[in-house]
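A.B. asks: Okay, so here is entry_6.csv, and as you'll see once you scroll down, it has CSV, C-alpha atoms.
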```csv
chain,number,residue,atom,x,y,z
A,494,MET,CA,-2.3,17.2,60.4
A,495,LYS,CA,-0.4,16.9,57.2
A,496,VAL,CA,-1.4,14.7,54.2
A,497,VAL,CA,0.1,13.8,50.9
A,498,ILE,CA,-2.5,12.8,48.4
A,499,GLN,CA,-1.6,10.9,45.3
A,500,ARG,CA,-4.0,10.2,42.5
A,501,VAL,CA,-3.5,6.6,41.5
A,502,LYS,CA,-4.7,4.1,39.0
A,503,GLY,CA,-4.2,1.5,41.7
A,504,ALA,CA,-2.3,0.7,44.9
A,505,GLU,CA,-1.5,-2.3,47.0
A,506,LEU,CA,-0.2,-2.2,50.6
A,507,PHE,CA,1.8,-5.1,52.1
A,508,VAL,CA,2.6,-5.9,55.7
A,509,GLU,CA,5.2,-8.7,56.3
A,510,ASN,CA,5.1,-9.5,52.6
A,511,LYS,CA,1.3,-10.2,52.7
A,512,ARG,CA,-1.2,-8.0,50.9
A,513,TYR,CA,-3.0,-6.1,53.6
A,514,SER,CA,-5.2,-3.8,51.4
A,515,LYS,CA,-5.7,-2.8,47.8
A,516,ILE,CA,-7.5,-0.1,45.8
A,517,GLY,CA,-8.2,0.5,42.2
A,518,SER,CA,-8.4,4.0,40.7
A,519,GLY,CA,-8.6,6.7,43.4
A,520,LEU,CA,-6.5,8.3,46.1
A,521,LEU,CA,-3.6,7.1,48.2
A,522,VAL,CA,-3.4,9.3,51.2
A,523,LEU,CA,-0.3,9.4,53.5
A,524,VAL,CA,-1.3,11.0,56.9
A,525,ALA,CA,0.9,12.5,59.6
A,526,VAL,CA,-0.5,13.6,63.0
A,527,SER,CA,1.3,16.5,64.8
A,528,ILE,CA,1.6,16.9,68.5
A,529,ASP,CA,-0.9,19.7,68.6
A,530,ASP,CA,-3.6,18.4,66.2
A,531,LYS,CA,-7.2,18.6,67.4
A,532,GLN,CA,-10.5,17.2,66.1
A,533,GLU,CA,-11.0,20.4,64.0
A,534,ASP,CA,-7.8,19.5,62.1
A,535,ILE,CA,-9.1,16.0,61.4
A,536,ASN,CA,-12.5,17.3,60.3
A,537,TRP,CA,-11.1,20.0,58.0
A,538,VAL,CA,-8.6,17.6,56.3
A,539,ALA,CA,-11.2,14.8,55.9
A,540,ASN,CA,-13.7,17.2,54.2
A,541,LYS,CA,-11.0,18.8,52.0
A,542,LEU,CA,-9.8,15.3,50.9
A,543,VAL,CA,-13.2,14.0,49.9
A,544,LYS,CA,-14.2,17.2,48.0
A,545,LEU,CA,-10.8,17.8,46.4
A,546,ARG,CA,-11.4,18.1,42.6
A,547,ILE,CA,-8.3,16.4,41.1
A,548,PHE,CA,-9.9,14.0,38.6
A,549,ASN,CA,-10.4,14.9,35.0
A,550,ASP,CA,-13.8,15.7,33.5
A,551,GLU,CA,-14.9,15.2,29.9
A,552,ASN,CA,-12.9,18.3,28.9
A,553,ASN,CA,-9.7,16.9,30.5
A,554,GLN,CA,-9.9,19.5,33.3
A,555,MET,CA,-9.4,18.6,37.0
A,556,ASN,CA,-13.0,19.2,38.0
A,557,ARG,CA,-14.1,16.0,39.7
A,558,SER,CA,-13.7,14.7,43.2
A,559,VAL,CA,-12.9,11.1,44.1
A,560,GLY,CA,-16.6,10.5,44.8
A,561,GLU,CA,-17.7,11.8,41.4
A,562,VAL,CA,-15.5,9.3,39.6
A,563,ASP,CA,-16.4,6.4,42.0
A,564,GLY,CA,-12.8,6.2,43.1
A,565,GLU,CA,-11.4,4.4,46.1
A,566,ILE,CA,-9.4,5.8,49.0
A,567,MET,CA,-6.5,4.2,50.9
A,568,ILE,CA,-5.3,6.0,54.0
A,569,VAL,CA,-1.8,5.2,55.5
A,570,SER,CA,-0.1,6.6,58.6
A,571,GLN,CA,3.2,8.3,57.8
A,572,PHE,CA,4.7,10.1,60.8
A,573,THR,CA,7.8,11.0,58.8
A,574,LEU,CA,5.9,13.8,57.0
A,575,TYR,CA,6.7,15.9,60.0
A,576,ALA,CA,10.5,15.4,59.6
A,577,SER,CA,12.6,18.4,60.3
A,578,THR,CA,16.0,18.5,58.6
A,579,LYS,CA,16.9,22.0,59.9
A,580,LYS,CA,19.8,20.8,61.9
A,581,GLY,CA,22.3,18.2,60.6
A,582,ASN,CA,21.5,15.4,58.3
A,583,ARG,CA,19.5,13.1,60.6
A,584,PRO,CA,15.8,14.0,60.5
A,585,SER,CA,14.1,15.0,63.8
A,586,PHE,CA,10.5,14.0,64.4
A,587,ILE,CA,9.7,16.1,67.4
A,588,LYS,CA,6.6,17.6,65.7
A,589,SER,CA,5.1,14.2,65.0
A,590,ALA,CA,2.6,12.9,67.5
A,591,SER,CA,3.5,9.6,69.1
A,592,GLY,CA,1.9,6.6,70.6
A,593,ASP,CA,-1.7,6.5,71.6
A,594,PHE,CA,-2.5,10.0,70.5
A,595,ALA,CA,-1.2,9.5,67.0
A,596,GLU,CA,-3.0,6.2,66.6
A,597,LYS,CA,-6.3,7.6,68.0
A,598,SER,CA,-6.1,10.6,65.7
A,599,TYR,CA,-5.3,8.5,62.7
A,600,LEU,CA,-8.2,6.2,63.4
A,601,ASP,CA,-10.5,9.2,64.0
A,602,PHE,CA,-9.4,10.5,60.6
A,603,VAL,CA,-10.2,7.2,58.9
A,604,ASP,CA,-13.6,7.1,60.7
A,605,MET,CA,-14.4,10.7,59.6
A,606,VAL,CA,-13.6,10.0,56.0
A,607,ASN,CA,-15.7,6.8,56.2
A,608,ARG,CA,-18.6,8.8,57.5
A,609,ILE,CA,-18.5,11.4,54.7
A,610,TYR,CA,-17.4,9.2,51.8
A,611,LYS,CA,-19.7,6.7,50.1
A,612,PHE,CA,-17.3,3.8,49.9
A,613,LYS,CA,-15.4,2.0,52.6
A,614,VAL,CA,-11.9,3.4,53.0
A,615,LYS,CA,-9.0,1.0,52.9
A,616,THR,CA,-6.1,1.5,55.3
A,617,GLY,CA,-2.6,0.6,56.2
A,618,LYS,CA,-1.7,-1.0,59.6
A,619,PHE,CA,-0.8,1.7,62.1
A,620,GLY,CA,2.8,1.4,63.4
A,621,ALA,CA,3.7,-1.4,61.1
A,622,SER,CA,6.5,-1.5,58.5
A,623,MET,CA,4.6,-1.4,55.2
A,624,ASN,CA,5.5,-1.6,51.5
A,625,ILE,CA,3.3,0.2,49.0
A,626,VAL,CA,3.2,-0.5,45.3
A,627,LEU,CA,1.3,2.2,43.4
A,628,ASN,CA,0.6,3.3,39.9
A,629,ASN,CA,0.6,7.1,39.9
A,630,ASP,CA,-2.0,8.7,37.7
A,631,GLY,CA,-0.7,11.9,36.2
A,632,PRO,CA,1.3,12.0,38.4
A,633,VAL,CA,-0.9,14.2,40.6
A,634,THR,CA,0.4,14.8,44.1
A,635,ILE,CA,-1.1,17.3,46.5
A,636,VAL,CA,0.1,18.2,50.0
A,637,ILE,CA,-2.3,19.6,52.5
A,638,ASP,CA,-1.5,21.0,56.0
A,639,SER,CA,-4.3,21.7,58.4
A,640,LYS,CA,-2.4,24.4,60.2
A,641,ALA,CA,-1.8,26.4,57.0
A,642,LYS,CA,-5.3,25.6,55.7
A,643,GLU,CA,-3.7,24.7,52.4
```
As structure tokens, how would this structure be written, given the file I've shared?
C.D. replies:
Amino acid sequence: MKVVIQRVKGAELFVENKRYSKIGSGLLVLVAVSIDDKQEDINWVANKLVKLRIFNDENNQMNRSVGEVDGEIMIVSQFTLYASTKKGNRPSFIKSASGDFAEKSYLDFVDMVNRIYKFKVKTGKFGASMNIVLNNDGPVTIVIDSKAKE
């Protein structure tokens, strides 16, 4: 599982030009499921996400987690994070999970974050074409890969 975490002052997600979800200050999380992800990948990334200290404290140091600042979380599926551009100029997505497995893993990830986080997580619509408008905070962008454990 691979995630791109963006610290935001706010984000809105649109499906078919209608607002589907919205958050204020918090984290916009783009999630990709690989063909070999397991429940342990989901659990590890969910726990890392909720505990990640990327919000500033009173000394302007990144020492606070999203929960410590009462931030919101929006999780959006993004299979293209597993794009391979090794050959040619057209990306290959052979490492990305597809179909039912990808959707189940994405929903399991959202469910896990909901279980360990104190606020309800907002989401995108799996498999839909989505537009996201966000206000980056920092910008702070972190990439986490469950296979590399970083």
A.B. asks: I'd like the contact shell of region 565-574 of chain A - 8 Å cut-off, only C-alpha atoms, skipping same-chain residues fewer than 2 positions apart - returned as a ChimeraX atom specification.
C.D. replies: /A:495-496,515-526,559,563,576,586,589-590,599,603,612-620
A.B. asks: Check the smallest atom-to-atom distance from each of A:Leu600, A:Leu542, A:Ala621, A:Ala595 to Val497 (chain A) using only C-alpha atoms, then report the winner.
C.D. replies: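 Closest candidate: A:Leu542.
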A.B. asks: So that I can check the surroundings of Met494 (chain A), please list as a PyMOL selection string every protein, DNA and RNA residue that reaches within 7 Å of it, counting only C-alpha atoms and ignoring chain neighbours fewer than 3 positions away.
C.D. replies: chain A and resi 525-527+530+534-535+638-639
A.B. asks: Fewer than 6 positions away in the same chain doesn't count, so skip those; otherwise give me all residues within 9 Å of Lys544 (chain A), counting all atoms listed in the file, as a ChimeraX atom specification.
C.D. replies: /A:557-560
A.B. asks: Pick the closest to Glu561 (chain A) from A:Tyr610, A:Phe507, A:Phe594, A:Trp537: which is it, counting only C-alpha atoms?
C.D. replies: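 Looking only at the distances to Glu561 (chain A), the closest residue turns out to be A:Tyr610.
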A.B. asks: A:Ile625, A:Ile547, A:Gln554, A:Phe602: which is nearest Ala504 (chain A), counting all atoms listed in the file?
C.D. replies: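 Closest to Ala504 (chain A) of all the choices is A:Ile625.
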A.B. asks: Can you measure CA of Ile609 (chain A) to CA of Leu545 (chain A) for me? One decimal in Å is fine.
C.D. replies: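 CA of Leu545 (chain A) lies at a distance of 13.0 Å from CA of Ile609 (chain A).
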A.B. asks: Provide the CA of Asn607 (chain A) to CA of Val508 (chain A) distance in Å, to one decimal place.
C.D. replies: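 The value is 22.3 Å.
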A.B. asks: Pick out the closest residue to Val633 (chain A) from this set: A:Ala539, A:Ser514, A:Asn582, A:Phe548. Count only C-alpha atoms.
C.D. replies: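 Among the listed residues, A:Phe548 lies closest to Val633 (chain A).
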A.B. asks: So the first atom is CA of Lys588 (chain A) and the second is CA of Ile528 (chain A); what is the distance between them in Å, to one decimal place?
C.D. replies: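 Pair CA of Lys588 (chain A) / CA of Ile528 (chain A) returns 5.8 Å.
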A.B. asks: Taking into account all atoms listed in the file, which residue in the set A:Ser598, A:Lys611, A:Asp593, A:Arg512 is nearest to Val562 (chain A)?
C.D. replies: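 The shortest atom-to-atom distance to Val562 (chain A) comes from A:Lys611.
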A.B. asks: Kindly write N, CA and C atoms of region 596-640 of chain A from the structure just given to a file, as an mmCIF file, in the first residue's frame.
C.D. replies:
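See result.cif below for the written result:
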```
data_model
loop_
_atom_site.group_PDB
_atom_site.id
_atom_site.type_symbol
_atom_site.label_atom_id
_atom_site.label_comp_id
_atom_site.auth_asym_id
_atom_site.auth_seq_id
_atom_site.Cartn_x
_atom_site.Cartn_y
_atom_site.Cartn_z
ATOM 1 N N GLU A 596 -10.996 -2.325 -4.305
ATOM 2 C CA GLU A 596 -12.083 -1.638 -3.614
ATOM 3 C C GLU A 596 -12.225 -2.143 -2.182
ATOM 4 N N LYS A 597 -12.159 -3.450 -1.980
ATOM 5 C CA LYS A 597 -12.274 -4.002 -0.625
ATOM 6 C C LYS A 597 -11.126 -3.505 0.258
ATOM 7 N N SER A 598 -9.918 -3.501 -0.273
ATOM 8 C CA SER A 598 -8.763 -3.043 0.502
ATOM 9 C C SER A 598 -8.877 -1.560 0.839
ATOM 10 N N TYR A 599 -9.327 -0.760 -0.116
ATOM 11 C CA TYR A 599 -9.536 0.668 0.126
ATOM 12 C C TYR A 599 -10.575 0.876 1.231
ATOM 13 N N LEU A 600 -11.695 0.167 1.131
ATOM 14 C CA LEU A 600 -12.750 0.295 2.146
ATOM 15 C C LEU A 600 -12.288 -0.226 3.505
ATOM 16 N N ASP A 601 -11.484 -1.283 3.521
ATOM 17 C CA ASP A 601 -10.908 -1.784 4.775
ATOM 18 C C ASP A 601 -9.985 -0.748 5.398
ATOM 19 N N PHE A 602 -9.222 -0.042 4.554
ATOM 20 C CA PHE A 602 -8.332 1.011 5.046
ATOM 21 C C PHE A 602 -9.143 2.149 5.662
ATOM 22 N N VAL A 603 -10.177 2.597 4.959
ATOM 23 C CA VAL A 603 -11.051 3.658 5.491
ATOM 24 C C VAL A 603 -11.662 3.210 6.812
ATOM 25 N N ASP A 604 -12.131 1.970 6.867
ATOM 26 C CA ASP A 604 -12.734 1.436 8.088
ATOM 27 C C ASP A 604 -11.723 1.403 9.239
ATOM 28 N N MET A 605 -10.496 0.982 8.957
ATOM 29 C CA MET A 605 -9.462 0.927 9.993
ATOM 30 C C MET A 605 -9.150 2.322 10.524
ATOM 31 N N VAL A 606 -9.006 3.289 9.630
ATOM 32 C CA VAL A 606 -8.742 4.662 10.077
ATOM 33 C C VAL A 606 -9.928 5.164 10.904
ATOM 34 N N ASN A 607 -11.144 4.863 10.482
ATOM 35 C CA ASN A 607 -12.325 5.267 11.253
ATOM 36 C C ASN A 607 -12.322 4.655 12.653
ATOM 37 N N ARG A 608 -11.829 3.433 12.784
ATOM 38 C CA ARG A 608 -11.810 2.771 14.098
ATOM 39 C C ARG A 608 -10.787 3.376 15.047
ATOM 40 N N ILE A 609 -9.671 3.856 14.498
ATOM 41 C CA ILE A 609 -8.624 4.365 15.385
ATOM 42 C C ILE A 609 -8.594 5.888 15.478
ATOM 43 N N TYR A 610 -9.396 6.569 14.668
ATOM 44 C CA TYR A 610 -9.399 8.026 14.688
ATOM 45 C C TYR A 610 -10.701 8.525 15.303
ATOM 46 N N LYS A 611 -10.627 9.649 16.002
ATOM 47 C CA LYS A 611 -11.783 10.099 16.775
ATOM 48 C C LYS A 611 -12.867 10.799 15.962
ATOM 49 N N PHE A 612 -12.572 11.196 14.742
ATOM 50 C CA PHE A 612 -13.566 11.846 13.896
ATOM 51 C C PHE A 612 -13.882 10.963 12.701
ATOM 52 N N LYS A 613 -15.051 11.126 12.128
ATOM 53 C CA LYS A 613 -15.434 10.368 10.940
ATOM 54 C C LYS A 613 -14.592 10.823 9.756
ATOM 55 N N VAL A 614 -14.033 9.868 9.060
ATOM 56 C CA VAL A 614 -13.197 10.136 7.893
ATOM 57 C C VAL A 614 -14.080 10.392 6.674
ATOM 58 N N LYS A 615 -13.705 11.388 5.880
ATOM 59 C CA LYS A 615 -14.391 11.663 4.622
ATOM 60 C C LYS A 615 -13.679 10.870 3.527
ATOM 61 N N THR A 616 -14.382 10.607 2.441
ATOM 62 C CA THR A 616 -13.789 9.801 1.371
ATOM 63 C C THR A 616 -14.106 10.386 0.000
ATOM 64 N N GLY A 617 -13.433 9.807 -0.977
ATOM 65 C CA GLY A 617 -13.793 9.997 -2.365
ATOM 66 C C GLY A 617 -14.748 8.871 -2.740
ATOM 67 N N LYS A 618 -15.045 8.769 -4.017
ATOM 68 C CA LYS A 618 -15.920 7.707 -4.519
ATOM 69 C C LYS A 618 -15.064 6.750 -5.332
ATOM 70 N N PHE A 619 -14.902 5.546 -4.821
ATOM 71 C CA PHE A 619 -14.005 4.580 -5.451
ATOM 72 C C PHE A 619 -14.384 4.368 -6.920
ATOM 73 N N GLY A 620 -13.381 4.422 -7.790
ATOM 74 C CA GLY A 620 -13.576 4.152 -9.206
ATOM 75 C C GLY A 620 -14.138 5.301 -10.018
ATOM 76 N N ALA A 621 -14.509 6.387 -9.368
ATOM 77 C CA ALA A 621 -15.095 7.527 -10.083
ATOM 78 C C ALA A 621 -13.998 8.484 -10.548
ATOM 79 N N SER A 622 -14.330 9.271 -11.542
ATOM 80 C CA SER A 622 -13.477 10.376 -11.935
ATOM 81 C C SER A 622 -13.773 11.516 -10.964
ATOM 82 N N MET A 623 -12.739 11.986 -10.281
ATOM 83 C CA MET A 623 -12.935 12.977 -9.222
ATOM 84 C C MET A 623 -12.066 14.205 -9.478
ATOM 85 N N ASN A 624 -12.537 15.329 -9.018
ATOM 86 C CA ASN A 624 -11.758 16.564 -9.008
ATOM 87 C C ASN A 624 -11.590 16.984 -7.557
ATOM 88 N N ILE A 625 -10.361 17.336 -7.204
ATOM 89 C CA ILE A 625 -10.070 17.750 -5.833
ATOM 90 C C ILE A 625 -9.514 19.165 -5.862
ATOM 91 N N VAL A 626 -10.104 20.018 -5.061
ATOM 92 C CA VAL A 626 -9.603 21.369 -4.857
ATOM 93 C C VAL A 626 -9.059 21.403 -3.442
ATOM 94 N N LEU A 627 -7.767 21.754 -3.311
ATOM 95 C CA LEU A 627 -7.175 21.747 -1.975
ATOM 96 C C LEU A 627 -6.339 22.979 -1.748
ATOM 97 N N ASN A 628 -6.191 23.299 -0.479
ATOM 98 C CA ASN A 628 -5.359 24.408 -0.047
ATOM 99 C C ASN A 628 -4.236 23.796 0.779
ATOM 100 N N ASN A 629 -3.068 23.573 0.124
ATOM 101 C CA ASN A 629 -1.920 22.971 0.799
ATOM 102 C C ASN A 629 -1.489 23.831 1.971
ATOM 103 N N ASP A 630 -1.066 23.184 3.029
ATOM 104 C CA ASP A 630 -0.579 23.868 4.227
ATOM 105 C C ASP A 630 0.898 23.556 4.364
ATOM 106 N N GLY A 631 1.730 24.489 4.013
ATOM 107 C CA GLY A 631 3.174 24.302 4.132
ATOM 108 C C GLY A 631 3.918 24.671 2.861
ATOM 109 N N PRO A 632 3.843 23.896 1.815
ATOM 110 C CA PRO A 632 3.190 22.596 1.726
ATOM 111 C C PRO A 632 3.983 21.505 2.452
ATOM 112 N N VAL A 633 3.235 20.580 3.020
ATOM 113 C CA VAL A 633 3.818 19.388 3.636
ATOM 114 C C VAL A 633 3.206 18.191 2.925
ATOM 115 N N THR A 634 4.057 17.407 2.268
ATOM 116 C CA THR A 634 3.619 16.215 1.547
ATOM 117 C C THR A 634 4.539 15.064 1.925
ATOM 118 N N ILE A 635 3.948 13.962 2.390
ATOM 119 C CA ILE A 635 4.698 12.787 2.845
ATOM 120 C C ILE A 635 4.218 11.574 2.054
ATOM 121 N N VAL A 636 5.164 10.743 1.602
ATOM 122 C CA VAL A 636 4.843 9.501 0.916
ATOM 123 C C VAL A 636 5.205 8.337 1.826
ATOM 124 N N ILE A 637 4.267 7.413 2.004
ATOM 125 C CA ILE A 637 4.512 6.230 2.824
ATOM 126 C C ILE A 637 4.224 4.987 1.990
ATOM 127 N N ASP A 638 5.147 4.029 2.071
ATOM 128 C CA ASP A 638 4.998 2.752 1.366
ATOM 129 C C ASP A 638 5.078 1.632 2.389
ATOM 130 N N SER A 639 4.027 0.827 2.477
ATOM 131 C CA SER A 639 3.976 -0.229 3.495
ATOM 132 C C SER A 639 5.024 -1.302 3.263
ATOM 133 N N LYS A 640 5.456 -1.510 2.044
ATOM 134 C CA LYS A 640 6.459 -2.542 1.762
ATOM 135 C C LYS A 640 7.841 -2.110 2.242
#
```
